[in-house]
>>> print(open('model12.txt').read())   # compact mmCIF, C-alpha atoms
# COMPACT_ATOMS: atom_id res chain seq x y z
CA MET A 1 -23.83 -3.40 11.16
CA SER A 2 -21.81 -2.48 8.09
CA ILE A 3 -20.83 -5.24 5.72
CA ALA A 4 -18.14 -4.98 3.12
CA PHE A 5 -17.67 -7.63 0.53
CA GLY A 6 -15.34 -8.52 -2.26
CA SER A 7 -12.56 -10.83 -3.27
CA SER A 8 -8.78 -10.65 -2.87
CA HIS A 9 -9.01 -7.23 -1.37
CA ALA A 10 -6.50 -5.83 1.11
CA ALA A 11 -8.23 -2.91 2.73
CA VAL A 12 -6.28 0.14 3.82
CA ALA A 13 -8.01 2.94 5.65
CA ALA A 14 -7.84 6.16 3.63
CA GLU A 15 -5.69 8.02 6.15
CA TYR A 16 -3.15 5.17 6.11
CA ARG A 17 -2.91 4.92 2.36
CA ASN A 18 0.30 5.86 0.61
CA PRO A 19 0.70 4.42 -2.90
CA PHE A 20 4.47 4.44 -2.50
CA ALA A 21 4.54 2.29 0.66
CA THR A 22 6.59 -0.88 0.45
CA ARG A 23 3.55 -3.10 -0.02
CA HIS A 24 2.61 -1.25 -3.21
CA ILE A 25 6.06 -0.98 -4.80
CA ARG A 26 7.70 -4.28 -3.83
CA PRO A 27 8.58 -6.69 -6.63
CA GLY A 28 5.41 -8.48 -7.63
CA ALA A 29 3.10 -5.68 -6.52
CA VAL A 30 3.96 -3.62 -9.56
CA GLU A 31 4.47 -4.99 -13.06
CA PHE A 32 7.81 -4.50 -14.77
CA VAL A 33 7.69 -1.83 -17.45
CA PHE A 34 9.39 -3.04 -20.61
CA PRO A 35 10.94 -0.90 -23.31
CA SER A 36 8.79 -0.95 -26.42
CA GLU A 37 10.83 -3.54 -28.31
CA GLU A 38 10.83 -6.09 -25.46
CA SER A 39 8.28 -8.17 -23.61
CA ALA A 40 8.23 -10.86 -20.95
CA ASP A 41 7.71 -13.50 -23.62
CA SER A 42 10.66 -12.30 -25.70
CA LEU A 43 12.94 -12.55 -22.66
CA VAL A 44 11.71 -16.05 -21.81
CA ARG A 45 12.40 -17.09 -25.40
CA ARG A 46 15.90 -15.59 -25.13
CA LEU A 47 16.55 -17.50 -21.91
CA GLU A 48 15.32 -20.72 -23.47
CA ALA A 49 17.58 -20.16 -26.48
CA ALA A 50 20.50 -19.84 -24.04
CA ALA A 51 19.72 -23.33 -22.69
CA TRP A 52 17.99 -21.78 -19.67
CA ARG A 53 21.20 -20.22 -18.39
CA GLY A 54 21.25 -16.46 -18.30
CA ALA A 55 21.47 -13.30 -16.25
CA ILE A 56 19.54 -10.11 -15.73
CA VAL A 57 22.08 -7.36 -15.16
CA GLY A 58 21.50 -3.90 -13.78
CA PRO A 59 22.29 -1.49 -10.97
CA HIS A 60 20.57 -1.19 -7.58
CA GLY A 61 16.88 -0.34 -7.76
CA SER A 62 16.61 -0.75 -11.51
CA GLY A 63 13.92 -3.44 -11.40
CA LYS A 64 15.78 -6.76 -11.57
CA SER A 65 13.68 -8.43 -8.87
CA THR A 66 10.50 -6.90 -10.27
CA LEU A 67 11.41 -8.32 -13.68
CA LEU A 68 11.95 -11.74 -12.10
CA GLU A 69 8.45 -11.61 -10.57
CA THR A 70 7.05 -10.89 -14.01
CA LEU A 71 9.05 -13.62 -15.76
CA LEU A 72 8.74 -16.51 -13.31
CA PRO A 73 5.05 -17.37 -13.87
CA ARG A 74 5.71 -17.47 -17.62
CA ILE A 75 8.78 -19.65 -17.12
CA GLU A 76 6.75 -22.05 -14.99
CA ARG A 77 4.11 -22.22 -17.70
CA ARG A 78 6.91 -23.42 -20.01
CA GLY A 79 7.26 -26.45 -17.76
CA ARG A 80 10.26 -25.33 -15.73
CA CYS A 81 10.25 -26.09 -12.02
CA VAL A 82 11.53 -22.88 -10.42
CA VAL A 83 13.73 -23.04 -7.33
CA ARG A 84 14.32 -19.51 -6.09
CA ARG A 85 16.96 -18.15 -3.73
CA THR A 86 17.26 -14.48 -2.75
CA LEU A 87 20.64 -13.59 -1.32
CA ARG A 88 21.17 -10.97 1.35
CA ALA A 89 24.04 -8.52 1.31
CA GLY A 90 27.20 -10.33 2.30
CA GLN A 91 25.77 -13.83 1.79
CA ARG A 92 28.71 -15.62 0.21
CA SER A 93 27.19 -19.07 -0.28
CA LEU A 94 23.85 -20.32 -1.54
CA GLY A 95 23.27 -22.55 1.49
CA VAL A 96 21.54 -25.36 -0.39
CA PRO A 97 22.16 -28.81 1.10
CA ALA A 98 23.78 -31.36 -1.21
CA ALA A 99 20.69 -33.59 -0.98
CA GLU A 100 18.54 -30.79 -2.34
CA ARG A 101 20.98 -30.10 -5.16
CA ARG A 102 20.86 -33.75 -6.16
CA ALA A 103 17.10 -33.42 -6.61
CA TRP A 104 17.57 -30.78 -9.30
CA GLY A 105 17.01 -32.03 -12.80
CA ALA A 106 16.82 -30.96 -16.40
CA ALA A 107 13.41 -29.38 -15.81
CA THR A 108 14.65 -27.32 -12.85
CA LEU A 109 15.45 -23.64 -13.16
CA LEU A 110 17.46 -22.28 -10.25
CA VAL A 111 16.86 -18.56 -9.83
CA VAL A 112 19.43 -16.66 -7.79
CA ASP A 113 18.50 -13.08 -7.01
CA GLY A 114 21.67 -11.23 -6.01
CA TYR A 115 24.16 -13.61 -7.64
CA GLU A 116 27.04 -11.14 -7.26
CA GLN A 117 26.97 -11.76 -3.51
CA LEU A 118 28.30 -15.30 -3.99
CA SER A 119 32.01 -15.96 -3.63
CA TRP A 120 33.81 -17.23 -6.74
CA ARG A 121 34.10 -20.62 -5.06
CA SER A 122 30.32 -20.78 -4.48
CA ARG A 123 29.69 -19.73 -8.07
CA LEU A 124 31.97 -22.46 -9.39
CA GLY A 125 30.27 -25.06 -7.18
CA LEU A 126 26.87 -23.86 -8.32
CA LEU A 127 27.78 -23.93 -12.01
CA TRP A 128 29.20 -27.42 -11.57
CA SER A 129 25.98 -28.59 -9.90
CA CYS A 130 23.92 -27.10 -12.71
CA ARG A 131 26.06 -28.73 -15.36
CA ARG A 132 25.97 -32.11 -13.62
CA THR A 133 22.20 -32.14 -13.11
CA GLY A 134 21.24 -30.29 -16.30
CA CYS A 135 19.54 -27.65 -14.18
CA GLY A 136 19.03 -24.16 -15.63
CA LEU A 137 20.27 -21.01 -13.92
CA LEU A 138 18.83 -17.52 -14.02
CA ALA A 139 20.76 -14.94 -12.04
CA THR A 140 20.32 -11.28 -11.27
CA SER A 141 23.44 -9.28 -10.73
CA HIS A 142 24.83 -5.78 -10.75
CA ARG A 143 27.57 -6.84 -13.16
CA PRO A 144 27.93 -9.45 -15.92
CA VAL A 145 28.70 -12.80 -14.29
CA GLY A 146 29.79 -15.04 -17.12
CA LEU A 147 26.27 -16.07 -18.09
CA THR A 148 24.42 -14.89 -21.18
CA THR A 149 22.93 -11.49 -20.36
CA ILE A 150 19.31 -11.80 -21.40
CA PHE A 151 18.38 -8.26 -20.31
CA ARG A 152 19.99 -5.14 -18.88
CA THR A 153 17.76 -3.11 -16.62
CA THR A 154 18.26 0.63 -16.81
CA VAL A 155 16.18 3.48 -15.47
CA THR A 156 15.41 6.45 -17.68
CA GLU A 157 13.25 9.40 -16.78
CA CYS A 158 10.62 8.22 -19.24
CA LEU A 159 10.51 4.75 -17.69
CA ALA A 160 10.42 6.16 -14.15
CA ARG A 161 7.51 8.38 -15.14
CA ARG A 162 5.60 5.38 -16.53
CA VAL A 163 6.24 3.40 -13.33
CA VAL A 164 5.05 6.26 -11.11
CA GLU A 165 1.95 6.73 -13.23
CA ARG A 166 1.15 3.05 -12.83
CA ILE A 167 1.59 3.13 -9.08
CA ALA A 168 -0.40 6.32 -8.54
CA PRO A 169 -2.47 6.80 -11.71
CA GLN A 170 -4.84 9.38 -10.34
CA ASP A 171 -2.27 11.38 -8.45
CA ASP A 172 -0.50 14.57 -9.39
CA VAL A 173 2.60 13.82 -7.32
CA LEU A 174 4.75 14.16 -10.43
CA ARG A 175 3.77 17.80 -10.71
CA GLN A 176 5.33 18.43 -7.32
CA VAL A 177 8.75 16.96 -8.04
CA ASP A 178 11.47 17.19 -10.61
CA LEU A 179 11.74 13.49 -11.44
CA CYS A 180 14.90 13.96 -13.48
CA ASP A 181 16.59 15.69 -10.54
CA LEU A 182 15.40 13.01 -8.10
CA LEU A 183 16.78 10.25 -10.30
CA ASP A 184 20.03 12.11 -10.61
CA ARG A 185 20.36 12.55 -6.87
CA ARG A 186 19.55 8.89 -6.27
CA GLY A 187 22.06 7.70 -8.85
CA GLY A 188 19.33 6.16 -11.01
CA ASP A 189 17.99 4.03 -8.16
CA LEU A 190 14.26 3.99 -8.87
CA ARG A 191 13.44 2.23 -5.61
CA GLU A 192 14.92 5.12 -3.66
CA VAL A 193 13.08 7.61 -5.85
CA LEU A 194 9.80 5.86 -5.07
CA PHE A 195 10.58 6.13 -1.35
CA ASP A 196 11.25 9.83 -1.87
CA LEU A 197 7.79 10.07 -3.41
CA TYR A 198 6.45 8.31 -0.31
CA ASP A 199 7.78 11.27 1.69
CA VAL A 200 6.29 13.76 -0.75
CA TYR A 201 2.92 12.04 -0.40
CA GLU A 202 3.15 12.12 3.40
CA SER A 203 4.17 15.78 3.46
CA ARG A 204 0.92 16.66 1.70
CA ARG A 205 -1.10 15.30 4.62
CA SER A 206 0.42 17.62 7.15
CA MET B 1 -16.63 -16.35 -11.25
CA GLU B 2 -14.76 -15.03 -8.23
CA PRO B 3 -15.98 -16.14 -4.79
CA LEU B 4 -17.58 -13.42 -2.74
CA ILE B 5 -16.57 -12.87 0.87
CA SER B 6 -18.92 -10.72 2.95
CA LEU B 7 -17.33 -9.46 6.13
CA GLY B 8 -18.75 -7.02 8.64
CA LEU B 9 -18.05 -5.67 12.10
CA ARG B 10 -21.08 -5.96 14.37
CA GLU B 11 -21.91 -2.70 16.12
CA PRO B 12 -19.04 -0.93 14.36
CA ARG B 13 -17.38 1.98 16.13
CA PRO B 14 -14.88 4.56 14.90
CA VAL B 15 -12.48 3.47 17.66
CA TYR B 16 -12.12 0.28 19.70
CA PHE B 17 -10.12 0.23 22.91
CA PRO B 18 -7.92 -2.47 24.44
CA GLY B 19 -9.91 -5.02 26.39
CA GLU B 20 -13.08 -4.34 24.43
CA ARG B 21 -14.92 -7.01 22.53
CA LEU B 22 -14.69 -6.96 18.73
CA SER B 23 -17.48 -8.89 17.11
CA PHE B 24 -17.53 -9.69 13.41
CA GLU B 25 -19.30 -12.02 11.03
CA TYR B 26 -18.58 -13.37 7.60
CA GLN B 27 -20.17 -15.40 4.88
CA ILE B 28 -18.95 -16.93 1.61
CA ASP B 29 -21.01 -16.78 -1.59
CA ALA B 30 -20.72 -17.40 -5.31
CA VAL B 31 -18.90 -20.67 -4.81
CA GLY B 32 -20.12 -24.25 -4.53
CA PRO B 33 -19.85 -25.99 -1.13
CA GLY B 34 -17.50 -28.61 -2.54
CA GLU B 35 -15.13 -25.96 -3.84
CA LEU B 36 -14.18 -24.64 -0.41
CA LEU B 37 -11.30 -26.54 1.19
CA ALA B 38 -10.69 -24.27 4.17
CA CYS B 39 -11.57 -20.91 5.59
CA GLU B 40 -9.39 -18.81 7.87
CA ALA B 41 -10.44 -15.82 9.94
CA SER B 42 -7.92 -13.69 11.75
CA VAL B 43 -7.58 -10.44 13.63
CA LEU B 44 -4.19 -8.97 12.97
CA TRP B 45 -2.09 -5.86 12.70
CA THR B 46 0.26 -4.94 9.89
CA THR B 47 2.78 -2.19 9.51
CA MET B 48 3.01 -0.05 6.43
CA GLY B 49 5.68 2.38 5.39
CA LYS B 50 8.96 2.73 3.58
CA GLY B 51 10.88 -0.18 5.06
CA ASP B 52 10.29 -3.83 5.79
CA GLU B 53 6.74 -4.54 6.80
CA ASP B 54 5.71 -6.53 9.85
CA LEU B 55 2.60 -8.41 10.88
CA GLY B 56 1.23 -9.85 14.11
CA VAL B 57 -1.75 -12.17 14.48
CA HIS B 58 -3.89 -11.68 17.60
CA TYR B 59 -6.62 -14.19 16.77
CA PHE B 60 -6.71 -17.00 14.24
CA GLU B 61 -9.10 -19.79 13.37
CA ARG B 62 -8.97 -22.24 10.51
CA ARG B 63 -11.98 -24.31 9.59
CA THR B 64 -12.31 -27.13 7.12
CA PRO B 65 -15.50 -28.88 5.99
CA ALA B 66 -14.80 -31.56 8.61
CA ASP B 67 -15.31 -28.92 11.31
CA THR B 68 -18.92 -28.32 10.32
CA GLU B 69 -21.95 -30.59 10.66
CA ASP B 70 -22.92 -30.45 7.00
CA GLY B 71 -19.45 -29.87 5.52
CA ASP B 72 -20.43 -26.41 4.30
CA LEU B 73 -18.17 -23.50 5.20
CA ARG B 74 -20.26 -20.87 3.42
CA PRO B 75 -23.01 -19.96 5.95
CA LEU B 76 -22.78 -16.89 8.16
CA ARG B 77 -20.36 -17.29 11.05
CA GLN B 78 -19.93 -14.96 14.00
CA VAL B 79 -16.71 -14.47 15.92
CA GLU B 80 -15.92 -12.49 19.05
CA VAL B 81 -12.46 -11.43 20.11
CA ILE B 82 -11.18 -9.47 23.12
CA LEU B 83 -8.79 -6.86 21.82
CA PRO B 84 -5.24 -6.67 23.20
CA LYS B 85 -3.43 -3.78 24.87
CA SER B 86 -1.00 -3.24 22.04
CA PRO B 87 0.10 -2.31 19.47
CA LEU B 88 -2.35 0.53 19.06
CA SER B 89 -3.29 1.79 15.62
CA TYR B 90 -0.91 4.51 14.56
CA CYS B 91 -0.78 6.65 11.47
CA GLY B 92 2.81 7.86 11.57
CA ILE B 93 4.89 9.20 8.76
CA ILE B 94 7.62 6.61 8.53
CA VAL B 95 5.52 3.76 9.81
CA LYS B 96 1.82 3.08 10.25
CA ILE B 97 0.13 0.31 12.20
CA GLN B 98 -3.23 -0.85 10.98
CA TRP B 99 -5.50 -3.45 12.54
CA CYS B 100 -7.89 -5.47 10.45
CA VAL B 101 -10.08 -8.54 10.34
CA ARG B 102 -9.09 -10.83 7.49
CA VAL B 103 -11.03 -13.73 6.01
CA ARG B 104 -9.11 -15.97 3.69
CA ILE B 105 -10.53 -18.90 1.77
CA PHE B 106 -8.78 -21.79 0.07
CA LEU B 107 -10.37 -23.33 -2.99
CA ARG B 108 -9.69 -26.32 -5.17
CA LYS B 109 -6.82 -26.15 -7.69
CA GLY B 110 -4.75 -24.05 -5.30
CA LYS B 111 -6.88 -20.93 -5.63
CA GLU B 112 -7.10 -18.49 -2.75
CA SER B 113 -9.06 -15.38 -2.01
CA PHE B 114 -9.24 -13.00 0.92
CA PHE B 115 -10.96 -9.91 2.18
CA GLU B 116 -10.01 -7.45 4.91
CA GLN B 117 -11.93 -5.01 7.06
CA PRO B 118 -9.78 -2.44 8.88
CA PHE B 119 -10.61 -1.04 12.30
CA GLN B 120 -8.97 1.34 14.72
CA LEU B 121 -7.55 0.15 18.04
CA GLY B 122 -6.91 2.99 20.47
CA ALA B 123 -6.78 6.69 19.79
CA VAL B 124 -3.14 7.56 19.40
CA PRO B 125 -3.02 11.00 17.77
CA PRO B 126 -1.13 11.30 14.50
CA PRO B 127 2.31 12.88 14.69
CA GLU B 128 2.72 16.57 14.17
CA LEU B 129 5.37 17.99 11.97
CA GLN B 130 7.12 20.76 13.79
CA GLN B 131 9.83 23.08 12.66
CA VAL B 132 12.69 22.52 15.05
CA ARG B 133 15.83 24.58 14.95
CA VAL B 134 18.82 22.26 15.18
CA GLU B 135 21.82 23.98 16.66
CA SER B 136 25.02 23.33 14.83
CA SER B 137 28.51 24.56 15.59
CA SER B 138 29.20 25.43 11.97
CA THR B 139 26.03 26.27 10.08
CA PRO B 140 22.69 26.72 11.75
CA ASP B 141 20.05 24.78 9.92
CA GLU B 142 16.41 24.07 10.15
CA GLU B 143 15.13 20.54 10.03
CA THR B 144 11.70 19.06 10.16
CA VAL B 145 11.36 16.23 12.60
CA GLU B 146 8.54 13.89 13.46
CA GLN B 147 7.37 14.24 17.05
>>> encode(input="model12.txt", output="structure tokens")
Amino acid sequence: MSIAFGSSHAAVAAEYRNPFATRHIRPGAVEFVFPSEESADSLVRRLEAAAWRGAIVGPHGSGKSTLLETLLPRIERRGRCVVRRTLRAGQRSLGVPAAERRAWGAATLLVVDGYEQLSWRSRLGLLWSCRRTGCGLLATSHRPVGLTTIFRTTVTECLARRVVERIAPQDDVLRQVDLCDLLDRRGGDLREVLFDLYDVYESRRS
Amino acid sequence: MEPLISLGLREPRPVYFPGERLSFEYQIDAVGPGELLACEASVLWTTMGKGDEDLGVHYFERRTPADTEDGDLRPLRQVEVILPKSPLSYCGIIVKIQWCVRVRIFLRKGKESFFEQPFQLGAVPPPELQQVRVESSSTPDEETVEQ
């Protein structure tokens, strides 16, 4: 009998492993890479200074949801009770029952990932609920949405390189691709670039 | 100190086939008996790849201290499972299906820990990349397709 042991270990057989598979690059699996002058704590302080109402703004695949995953544990440690909603494409309303909204209080922070999906009517209703209950609001959006922008996510070649090196530190995949060209072709969408690298990794097996 | 989960397949084989018996055993160490609130063992498959990932549970058991005579979930426990017909393990390019045994423990103060042991169900060969000429009315082109 062979026994393996450990703790919090998701095993993947070697032939199945691809460091750019969804499970390794999804928000939360990889830490957000900050520019040198910023940190998670500095953003939380900025949000707090804006009375816990702010937005993270950036294009598709620039790391907004990943940044949220990095910030939320720190926000909770500041005593905020996080209520999170992730909106799908085309979802025009938040879909939170009135009874649940009434339970929000001054210590609540509502986090809406994909805020730009909401109709203007839903946004107004949401802002009114937040004002009435004293609840905070942290939104991610592709465009400014009338809340204080606490951070703009952008993808540069340097940042993309750092992210790839974190995901596959021992791998020379970056020698096989022109990262700048990939980013250009994907319109700066780092998520898509990472999926392209998934394909590069797979092509090496064959 | 992190709890230690020891997990092993009994009579391990490179490949298991549908209908065969998978036997595994596990044990928890480096944690006090009163710390363990529950222990789950499951046999499941997960998909891996570029898109959304999926998961299916074939066997599941959850034990709490009340399920044991002495309230101690740590001692060695053996489990046997008859493996299903599908899905078979598959190491494709766009998607992969991996089977594993997972042991997950729940500790006081909301802490959790888990350990997985993969195994292969069935012997589906990996896909081959073949150069296929795709006929086009305007410009002939060559594409690589997964077969």
>>> closest_atom_pairs(input="model12.txt", of="chain B", to="chain A", cutoff="6 Å", atoms="all atoms listed in the file", output="CSV")
residue,atom,partner,partner_atom,distance
B:Leu4,CA,A:Gly6,CA,5.4
B:Ile5,CA,A:Phe5,CA,5.4
B:Ser6,CA,A:Phe5,CA,4.1
B:Leu7,CA,A:Ala4,CA,5.5
B:Gly8,CA,A:Ile3,CA,4.0
B:Arg10,CA,A:Met1,CA,4.9
B:Glu11,CA,A:Met1,CA,5.4
B:Gly49,CA,A:Ala21,CA,4.9
B:Lys50,CA,A:Ala21,CA,5.3
B:Ser113,CA,A:Ser8,CA,4.8
B:Phe114,CA,A:Ser8,CA,4.5
B:Phe115,CA,A:His9,CA,4.9
B:Glu116,CA,A:Ala11,CA,5.3
>>> atom_distance(input="model12.txt", atom1="atom CA of B:Gln117", atom2="atom CA of B:Leu44")
10.5 Å
>>> atom_distance(input="model12.txt", atom1="atom CA of A:Thr154", atom2="atom CA of A:Pro73")
22.5 Å
>>> residues_around(input="model12.txt", residues="stretch 90-96 of chain A", least_positions_apart="6", cutoff="9 Å", atoms="all atoms listed in the file", output="PyMOL selection string")
chain A and resi 112+116-123+126
>>> write_last_selection(input="model12.txt", atoms="C-alpha atoms", output="mmCIF file, in the frame of the given file")
data_model
loop_
_atom_site.group_PDB
_atom_site.id
_atom_site.type_symbol
_atom_site.label_atom_id
_atom_site.label_comp_id
_atom_site.auth_asym_id
_atom_site.auth_seq_id
_atom_site.Cartn_x
_atom_site.Cartn_y
_atom_site.Cartn_z
ATOM 1 C CA VAL A 112 19.430 -16.660 -7.790
ATOM 2 C CA GLU A 116 27.040 -11.140 -7.260
ATOM 3 C CA GLN A 117 26.970 -11.760 -3.510
ATOM 4 C CA LEU A 118 28.300 -15.300 -3.990
ATOM 5 C CA SER A 119 32.010 -15.960 -3.630
ATOM 6 C CA TRP A 120 33.810 -17.230 -6.740
ATOM 7 C CA ARG A 121 34.100 -20.620 -5.060
ATOM 8 C CA SER A 122 30.320 -20.780 -4.480
ATOM 9 C CA ARG A 123 29.690 -19.730 -8.070
ATOM 10 C CA LEU A 126 26.870 -23.860 -8.320
#
>>> residues_around(input="model12.txt", residues="A:Thr153", least_positions_apart="4", cutoff="7 Å", atoms="all atoms listed in the file", output="PyMOL selection string")
chain A and resi 57-58+62-64
>>> write_last_selection(input="model12.txt", atoms="C-alpha atoms", output="tab-separated table (two decimals), keeping the file's coordinate frame")
chain	number	residue	atom	x	y	z
A	57	VAL	CA	22.08	-7.36	-15.16
A	58	GLY	CA	21.50	-3.90	-13.78
A	62	SER	CA	16.61	-0.75	-11.51
A	63	GLY	CA	13.92	-3.44	-11.40
A	64	LYS	CA	15.78	-6.76	-11.57
>>> atom_distance(input="model12.txt", atom1="atom CA of A:Asp172", atom2="atom CA of A:Ser65")
27.0 Å
>>> decode(input="model12.txt", residues="stretch 13-30 of chain A", atoms="N, CA and C atoms", output="tab-separated table (two decimals), in the first residue's frame")
chain	number	residue	atom	x	y	z
A	13	ALA	N	-2.51	14.61	-10.77
A	13	ALA	CA	-1.52	13.74	-11.39
A	13	ALA	C	-0.68	14.55	-12.38
A	14	ALA	N	0.59	14.19	-12.49
A	14	ALA	CA	1.53	15.01	-13.26
A	14	ALA	C	1.06	15.23	-14.69
A	15	GLU	N	0.52	14.17	-15.32
A	15	GLU	CA	0.12	14.32	-16.72
A	15	GLU	C	-1.13	15.19	-16.88
A	16	TYR	N	-1.82	15.47	-15.79
A	16	TYR	CA	-3.01	16.31	-15.85
A	16	TYR	C	-2.68	17.77	-15.54
A	17	ARG	N	-1.51	18.00	-15.02
A	17	ARG	CA	-1.20	19.32	-14.48
A	17	ARG	C	-0.95	20.34	-15.58
A	18	ASN	N	-1.64	21.46	-15.47
A	18	ASN	CA	-1.37	22.61	-16.31
A	18	ASN	C	-1.52	23.83	-15.41
A	19	PRO	N	-0.44	24.57	-15.16
A	19	PRO	CA	-0.52	25.66	-14.18
A	19	PRO	C	-1.46	26.78	-14.60
A	20	PHE	N	-1.89	26.76	-15.87
A	20	PHE	CA	-2.78	27.82	-16.34
A	20	PHE	C	-4.23	27.35	-16.45
A	21	ALA	N	-4.54	26.19	-15.87
A	21	ALA	CA	-5.93	25.73	-15.82
A	21	ALA	C	-6.73	26.65	-14.91
A	22	THR	N	-8.03	26.64	-15.13
A	22	THR	CA	-8.91	27.57	-14.39
A	22	THR	C	-8.67	27.51	-12.89
A	23	ARG	N	-8.50	26.30	-12.35
A	23	ARG	CA	-8.38	26.18	-10.89
A	23	ARG	C	-7.16	26.90	-10.34
A	24	HIS	N	-6.14	27.10	-11.19
A	24	HIS	CA	-4.93	27.76	-10.71
A	24	HIS	C	-4.92	29.27	-10.96
A	25	ILE	N	-5.78	29.74	-11.87
A	25	ILE	CA	-5.73	31.17	-12.20
A	25	ILE	C	-7.00	31.91	-11.79
A	26	ARG	N	-7.99	31.20	-11.25
A	26	ARG	CA	-9.23	31.88	-10.87
A	26	ARG	C	-8.95	32.86	-9.73
A	27	PRO	N	-9.82	33.88	-9.60
A	27	PRO	CA	-9.64	34.82	-8.49
A	27	PRO	C	-9.59	34.07	-7.16
A	28	GLY	N	-8.63	34.38	-6.37
A	28	GLY	CA	-8.47	33.70	-5.08
A	28	GLY	C	-7.37	32.67	-5.11
A	29	ALA	N	-7.17	32.05	-6.30
A	29	ALA	CA	-6.10	31.06	-6.40
A	29	ALA	C	-4.76	31.75	-6.60
A	30	VAL	N	-4.80	32.93	-7.18
A	30	VAL	CA	-3.57	33.68	-7.39
A	30	VAL	C	-3.73	35.06	-6.75
